[in-house]
Structures are given as structure tokens and as C-alpha cells.
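Here is the structure we will look at, set down as C-alpha cells.
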Amino acid sequence: MEPRDQGLTASAARARRAGWSRHLRLWQLIVPAVVFLGVYFVVPLGMLFYFSVHAPGVSGLTLANFRRVISDAFLVQTLALSVRLSLEVTAITLVLGFPLAYLYTRLGTGWRLAILFVTLLPLLTSAVVRSFAWIVILGKQGLVNAALLGSGLVDAPVKLLFTLDGVRMALAQVQLPFMLLPLINAMEQLDPSLEQAAVSLGASQARAFFKVTVPLSVPGVVAGAILSFALTISAFITPAMVGGGAFTVMPTLIYQSAIVTLDWATASTTALILLIVAVVVVWGGMAAARRYAYGPGSV
Amino acid sequence: MAGAVAPRVAPPSVAAGRLGGRVGHMAFWAGIWGVALAALLYLLLPTLIIVFASFTAGEYITFPPQGLSLRWFGRLMALEEVRISAWRSVVVATGATAVAVVLGVAAAFPLVRGQFAGREALNALLMSPLILPSLVYGLAALMFVSAIGVPLSVPVLVLSHVAIIVPYVIRTTAASLALLDPHLEEAARSLGANAWKTFVRVILPNLLPGVATGAAFAFISSFDNLTVSLFLAGPRVETLPIRLFAMINFDLDPAAAAISAVLVLVTFAVVLLAHWAVGLTRLVRL
């Protein structure tokens, strides 16, 4: 070992003397990316914050914008709808995603590839295209109504497009991959022999699933739920397209005040409220998961 | 194994419950398979529908379609706004991906191999665009650009896309780099290659699959981006997603379905590329 190490040190020193590496240290490679994001990402967010704590005619920092926005009944109603919708969509993705992720860990390579392919294709497909597909599916002459009318279940087309039900259905499909990937990741790390042990000790397959696999998958569920919730509450395209103008969610409100009414104080304040709600829910979820993992009483 | 430990002869209580157990076992797996197949269909159906709808011969999108034809794909070529906006999207996504690859690949090295104060904090900063809602970033970027007095233009749009796609490149490159044996670099160095030669001849070829996957994801996120572009594009810098958004809000134009089918095809190619480069099962763990 000794001679080789010496050789390495000598050659490393030689390399350090040679060419550009004499002037460049490894950590400096991170500088361009950090400077770029500092200027083009952190500064804009700082400005967003600045606009929300300054009001016309008030010198210095003020919470006037927050007071004004929160006292608006319409905003509170919109925020409540956004939170409710995001929780519902997260629940749907969990119920549909959990069995699929579980099955993934029990199947061979061919099935696994098929499941990943079907998960990644919609994940990477433009949200505009996916929402358009749902407009086509849910419309008066769409697939759902064609099937319902054709089978004689209904006499007249059912209104699904521009309703909350339609938006819920479309959003859950858009968010399902974000629930699936963390679930698959977490459940792959579970040892299948734990469940087998429970079964060989007399538990039914269902009991082993609910008493062994489900509790052990909680970290994956929390990760998926956080991602799904945070992405749903800030989703703009799907509610705008599938919901039409039928109802307003927080992102629609932000977009309208920024682009239509050009009211930057309201837009930035509403955006910050959305961020705060998302962060609180994410932190709450993570704290609950930690509490669960280490037992009640310890955080 | 559990089988070696378990008694050969089942206790009477287990034997009595065996029939019920078998039915329960089958019901359990039927339930799991039922929900899982429904979920797969749910994921796949919209994509299939939109591609299918684009082949209609009729004037509107209906089910079942009125005959099949390629006429709407031909019509795309004739729509000038579609051609211009599609080309602009290609330019923006290519430019943004190129900048993101340069910034991201460079940054991945210190994040994986470097040991310096604040590495974790810088990692969090570089990954934060993945977490921040793109709507909020779009608004913030618009405020910033107006404040410094730069008119909305293609370069402004490119830079804003770079900010949101650079984490993809960093993540996939860093994951490939973490898997790369440091002894390879040491071997190249001890055999006399300088740092630059080691990087070009030894490290880069091994990182290429990770970089290519990150670049492909970065390209498709920029190409498909609507939310940030809506804030920063302005009326004169229309991208394909904005065009498509406007077309769909107007009516159910089969030409919009044809554009969607093309976008699905591009996405399909990206997923295949990712599978070919790093393998989908490994990709999930990135």
C-alpha cells in the first residue's frame, strides 16, 4: 500500500501543477450554478416577498396586504376549496397507487418495466395535453358520455366537464405518478420475508398485508402524499382547463391578479399564503411521520 | 427459509381454516390486482384517447370518431402560428437545456466529490426549484424582469426555464457520479493523465448516460412548460404549449389533438431514451 500511495500523491501533485487544474479547485465548479440561481431564482423570490410586505402609502414593512387579502371572504373560500381538493386528490392517488406499488414489488422485471413505463409516460407528458385529453373524455360528446348513453344507463349526457368531479378525476390522474414513485421506492426496501413470516405464523394474506406491509410503508406514503398535496394545491393548468371558469382555486386567483388586474401586491401576497399553507401541511405531515416512526411522545 | 422452520403437519385449527384461508388469499390478490389494473388503465387511458382522437376524419372530436385519416396532421403544417410557436419552443428548450447541462454537470462534481463547508445548504439551494410551485416562480420572475427593465424576449424565457430545469441535470449527473468508482480517476491520474484528460476520457464517458437522461428530462420539461411561460412569454413570444392552450380554450379542434399526439410521441421517445441510457428500474431510485 505504501509505495502506491506515494505514487498517487506524486502524480496528484503533478496533475495539480499541470494545466487548468492549477487554478481551479473542485468546489469552484459549483459557483456558476449557484450564482445563476442566486440571481435568477433567489432574488426574484425576494422581490415577491418584498411586494407582499409593502403597501402604497405605507413606509417600511407592513402586514397590510395580508390583512386585506385574508379579510376577503372570497379568498378564504378559495383557499378552503384548494385545500379540500388537494386532500381529496391525494386520498384518491393513495388508494389507487398503494396496491399498484405493492404489486410492483411482488412482480418480475417485465411487469415492473411495464408499470414504470405507464407511470413515466403521463408524468412526462405535457400537462396541457393531459388536461386536453380529460376535456375530450369528460365532454358532452366525450368517451364517458358515449359509453353511458350507448349502454342506456342515462338518457341525456351527464355534465362532467367544468365540474369539481371532473377536475378531481383529471387532477388525480395527473398526480398519481408522483404518489407512485415514492411508494415504489419505499416499498422496494421492505423485506418480503417479513410478510411471509406473518403468513407462516398463521396470519391471512390480507392480515399480513395490513398489519405488516402497510405500517412499514408509512414513510413512502408520507413522501408521496406530501408531493401529491403540494403539487395539487399549486396546479394551475388542469383546474383552469378542465374546470373552465366554473370555480376558482388559489393558482387561478394568483394568475388573475398578476396578469389580468396587474395587482402585484395582491398576487404576491396570495402566492405567499399558498406557499405558507403548503409548507405547513408538508411540515405537519413530516412531523406526524416522525411521531409515528418513533412512537407517541417522542418527536 | 420460513418453510424449513414451519411444522410439516398443520395444527388442526389451521387445517380447518385452510379452505377459508385459500378463498381469502384469492380474494386478497384479486382485490390488489383489480385496483392495480384499474390504476394502470387510468394512467394510460387519456394518452391513448388523445392519440386516437387525432386520427379522426371529421370536423370535430367525437366518440366514436367519424372515420380515420391523417388530415389533421397535414393541416398542422399549414397553420403558420403552430409552425412558428413549435419552432420557438424547440429553440427555447434547446437553449435552456444546453445552459442547464453546462451549469448542472459542473455543479454535480463538487456536490458529490467535494468536501467543503455549506455543501448541504448549496445542494438544497440547487434542488429548491423542484419544490417551489412553478406558478410562484413564474410570478416572481416576471416581477424581477420588469423591475430590472428588461423587455420580455426569448433569452429571458430561456433563462427562466434554465432555473427550473437545472435540478434535473444535477440530480441524474450526481447519481451517475456517485456510482462511479473513484479509483478509476485515481488510476487515470496515476498513469499520467492530467485532470482535464481524466475528465474528458474517463469520467465523462461514464457519466454520459446520466447526463443524457437529465438533459432529456430537462428538454421535455422546458418544451412542455406552460406555467412559467404564461408569465414570461408575453404576446410576441408565444411557445407551442401557449398556442395549444389557446386553441383548446377556443374549441375542440382536432388539430389540437394532432399537436398533442406529436407531443406524446416526443415524450415516448424521451422515456425510451431514459430506459436505454440508465434503465427505468434504476431511474426510479434517482
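In the C-alpha cells, chains take letters A, B, ... by order of appearance, with residues numbered from 1 within each chain and ligands from 1 in the order shown.
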#### Entry: Contact residues around Arg67 (chain A) with only C-alpha atoms at 10 Å, ignoring same-chain residues under 5 positions, as JSON, numbers by chain
{"A": [62, 72, 269]}
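Close contacts of Phe231 (chain B), defined as residues with an atom at most 9 Å away when counting only C-alpha atoms, with chain neighbours fewer than 4 positions off set aside, comprise Tyr255, Ala258 and Ile259 of chain A; Leu135, Gly138, Leu139, Ala141, Leu142, Leu226 and Thr227 of chain B.
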Could you write out the selected residues, including N, CA and C atoms, as a short mmCIF file (atom, residue, chain, number, x, y, z; two decimals), in the first residue's frame?
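And here's selection17.cif as it stands now:
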```cif
data_model
loop_
_atom_site.label_atom_id
_atom_site.label_comp_id
_atom_site.auth_asym_id
_atom_site.auth_seq_id
_atom_site.Cartn_x
_atom_site.Cartn_y
_atom_site.Cartn_z
N TYR A 255 -52.90 33.96 -10.72
CA TYR A 255 -52.69 34.29 -12.12
C TYR A 255 -53.53 35.50 -12.52
N ALA A 258 -52.24 38.76 -11.11
CA ALA A 258 -50.96 39.18 -11.69
C ALA A 258 -51.12 39.64 -13.12
N ILE A 259 -51.87 38.89 -13.93
CA ILE A 259 -51.90 39.13 -15.37
C ILE A 259 -53.11 39.96 -15.79
N LEU B 135 -45.78 28.08 -10.69
CA LEU B 135 -46.62 29.27 -10.79
C LEU B 135 -46.02 30.41 -9.98
N GLY B 138 -42.93 31.66 -11.71
CA GLY B 138 -43.29 32.47 -12.88
C GLY B 138 -43.62 33.90 -12.48
N LEU B 139 -44.42 34.04 -11.43
CA LEU B 139 -44.80 35.37 -10.94
C LEU B 139 -43.58 36.14 -10.46
N ALA B 141 -40.42 35.68 -11.24
CA ALA B 141 -39.51 36.01 -12.35
C ALA B 141 -40.05 37.19 -13.14
N LEU B 142 -41.36 37.26 -13.31
CA LEU B 142 -41.96 38.40 -14.04
C LEU B 142 -41.70 39.70 -13.29
N LEU B 226 -45.80 25.37 -19.47
CA LEU B 226 -46.80 26.40 -19.75
C LEU B 226 -46.81 27.45 -18.66
N THR B 227 -46.73 27.00 -17.39
CA THR B 227 -46.99 27.91 -16.28
C THR B 227 -46.00 29.07 -16.23
#
```
Residues near Phe51 (chain A), anyone? I mean within 7 Å using only C-alpha atoms, not counting same-chain ones fewer than 3 positions away, as a CSV table (one decimal) with C-alpha atoms, in the first residue's frame.
```csv
chain,number,residue,atom,x,y,z
A,47,MET,CA,-38.9,40.5,-4.7
A,48,LEU,CA,-42.1,38.5,-4.4
A,54,HIS,CA,-45.0,46.8,1.2
A,264,TRP,CA,-48.8,42.7,-7.8
A,265,ALA,CA,-49.3,43.3,-4.1
A,268,SER,CA,-47.5,38.2,-4.3
```
### Best match for closeness to chain A among B:Val23, B:Ile248, B:Ala175, B:Leu273, counting only C-alpha atoms
B:Ile248
### Task
Run DSSP on the backbone of this structure and report the residues of region 137-239 of chain B it assigns to helix (DSSP H, G or I), as a VMD selection string.
chain B and resid 137 to 147 154 to 179 182 to 190 195 to 224 227 to 232
### Task
Just the residues within 8 Å of Leu280 (chain B), please, counting only C-alpha atoms, with nothing from its chain fewer than 4 positions along; format it as a ChimeraX atom specification.
/A:113,116-117 /B:274-275,284
### Query
Of the candidates B:Ala163, B:Ile84, B:Ala78, B:Ala195, which one gets nearest to Arg243 (chain B) if we count only C-alpha atoms?
B:Ile84
Tell me, as a CSV table (one decimal) with N, CA and C atoms, in the first residue's frame, which residues lie within 6 Å of region 99-110 of chain A, counting only C-alpha atoms; anything in the same chain fewer than 5 positions away does not count.
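Final file, part.csv:
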```csv
chain,number,residue,atom,x,y,z
A,184,ILE,N,-43.2,3.2,-4.5
A,184,ILE,CA,-42.4,2.1,-5.1
A,184,ILE,C,-41.0,2.1,-4.4
A,188,GLU,N,-40.0,-1.0,-2.0
A,188,GLU,CA,-38.9,-1.9,-2.6
A,188,GLU,C,-37.9,-2.2,-1.5
B,32,ILE,N,-56.1,-6.7,-4.9
B,32,ILE,CA,-54.9,-6.0,-5.3
B,32,ILE,C,-54.8,-5.8,-6.8
B,36,ALA,N,-55.0,-2.3,-9.0
B,36,ALA,CA,-53.7,-2.0,-9.7
B,36,ALA,C,-54.0,-1.9,-11.2
```
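If you measure from each of B:Leu103, B:Ile242, B:Leu130, B:Leu265 to chain A using only C-alpha atoms, the closest one turns out to be B:Leu103.
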### Query
Neighbours of Tyr42 (chain B) within 10 Å (only C-alpha atoms; same-chain residues fewer than 5 positions away dropped), as a VMD selection string?
(chain A and resid 96 118 169 to 170 172 to 174 176) or (chain B and resid 36 to 37 47)
### Message
For Phe219 (chain B), find every residue with an atom within 12 Å (counting only C-alpha atoms), except residues of its own chain fewer than 6 positions away, and show them as number ranges by chain.
### Response
A: 124, 126; B: 89-101, 158, 161-162, 164-166, 168-169, 211-213, 225, 266-267, 270
Using the selection just defined, write its residues with C-alpha atoms as a PDB file, in the first residue's frame.
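out.pdb written:
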```pdb
ATOM      1  CA  LEU A 124     -43.542  13.442 -18.653  1.00  0.00           C
ATOM      2  CA  SER A 126     -47.329  17.976 -21.075  1.00  0.00           C
TER       3      SER A 126
ATOM      4  CA  SER B  89     -40.344  26.031 -28.356  1.00  0.00           C
ATOM      5  CA  VAL B  90     -37.593  23.930 -29.928  1.00  0.00           C
ATOM      6  CA  VAL B  91     -35.201  26.900 -29.786  1.00  0.00           C
ATOM      7  CA  VAL B  92     -36.094  27.786 -26.160  1.00  0.00           C
ATOM      8  CA  ALA B  93     -35.875  24.178 -24.943  1.00  0.00           C
ATOM      9  CA  THR B  94     -32.587  23.533 -26.765  1.00  0.00           C
ATOM     10  CA  GLY B  95     -31.001  26.725 -25.431  1.00  0.00           C
ATOM     11  CA  ALA B  96     -32.261  26.172 -21.888  1.00  0.00           C
ATOM     12  CA  THR B  97     -31.088  22.534 -21.903  1.00  0.00           C
ATOM     13  CA  ALA B  98     -27.624  23.500 -23.184  1.00  0.00           C
ATOM     14  CA  VAL B  99     -27.155  26.102 -20.416  1.00  0.00           C
ATOM     15  CA  ALA B 100     -28.596  23.746 -17.780  1.00  0.00           C
ATOM     16  CA  VAL B 101     -26.227  20.927 -18.822  1.00  0.00           C
ATOM     17  CA  VAL B 158     -34.678  30.665 -21.834  1.00  0.00           C
ATOM     18  CA  HIS B 161     -36.540  27.778 -17.987  1.00  0.00           C
ATOM     19  CA  VAL B 162     -32.908  27.105 -17.039  1.00  0.00           C
ATOM     20  CA  ILE B 164     -36.464  25.294 -13.232  1.00  0.00           C
ATOM     21  CA  ILE B 165     -34.732  22.521 -15.215  1.00  0.00           C
ATOM     22  CA  VAL B 166     -31.186  22.693 -13.843  1.00  0.00           C
ATOM     23  CA  TYR B 168     -32.882  17.501 -13.252  1.00  0.00           C
ATOM     24  CA  VAL B 169     -29.399  17.615 -14.793  1.00  0.00           C
ATOM     25  CA  VAL B 211     -26.209  13.400 -18.243  1.00  0.00           C
ATOM     26  CA  ALA B 212     -28.218  12.326 -21.311  1.00  0.00           C
ATOM     27  CA  THR B 213     -31.189  11.303 -19.156  1.00  0.00           C
ATOM     28  CA  ASN B 225     -43.702  24.231 -19.799  1.00  0.00           C
ATOM     29  CA  VAL B 266     -41.775  13.057 -28.271  1.00  0.00           C
ATOM     30  CA  THR B 267     -42.407  12.062 -24.631  1.00  0.00           C
ATOM     31  CA  VAL B 270     -37.688  10.503 -24.094  1.00  0.00           C
TER      32      VAL B 270
END
```
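Interatomic distance, CA of Phe36 (chain A) against CA of Thr239 (chain B): 23.6 Å.
Nearest residue to chain B among A:Ala73, A:Leu148, A:Ala198, A:Ala206 is A:Ala206, counting only C-alpha atoms.
Of note, CA of Val69 (chain A) and CA of Phe236 (chain A) are spaced 19.9 Å apart.
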### Query
Which value, in Å to one decimal, gives the distance between CA of Leu177 (chain B) and CA of Arg113 (chain B)?
8.5 Å
Set out as CSV a contact list for region 56-151 of chain B and region 133-140 of chain A with a cut-off of 10 Å, giving each residue of region 56-151 of chain B that qualifies its closest atom pair and distance in Å to one decimal, counting only C-alpha atoms, ordered by chain and rising residue number.
```
residue,atom,partner,partner_atom,distance
B:Ile61,CA,A:Val136,CA,7.5
B:Thr62,CA,A:Val136,CA,8.2
B:Phe63,CA,A:Ile137,CA,9.0
```
Take the selection from the previous step and output its residues with C-alpha atoms, as a PDB file, in the first residue's frame.
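Everything below was put into result26.pdb:
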```
ATOM      1  CA  ILE B  61     -63.557  15.336 -31.916  1.00  0.00           C
ATOM      2  CA  THR B  62     -66.314  12.804 -31.263  1.00  0.00           C
ATOM      3  CA  PHE B  63     -66.581   9.236 -29.956  1.00  0.00           C
TER       4      PHE B  63
END
```
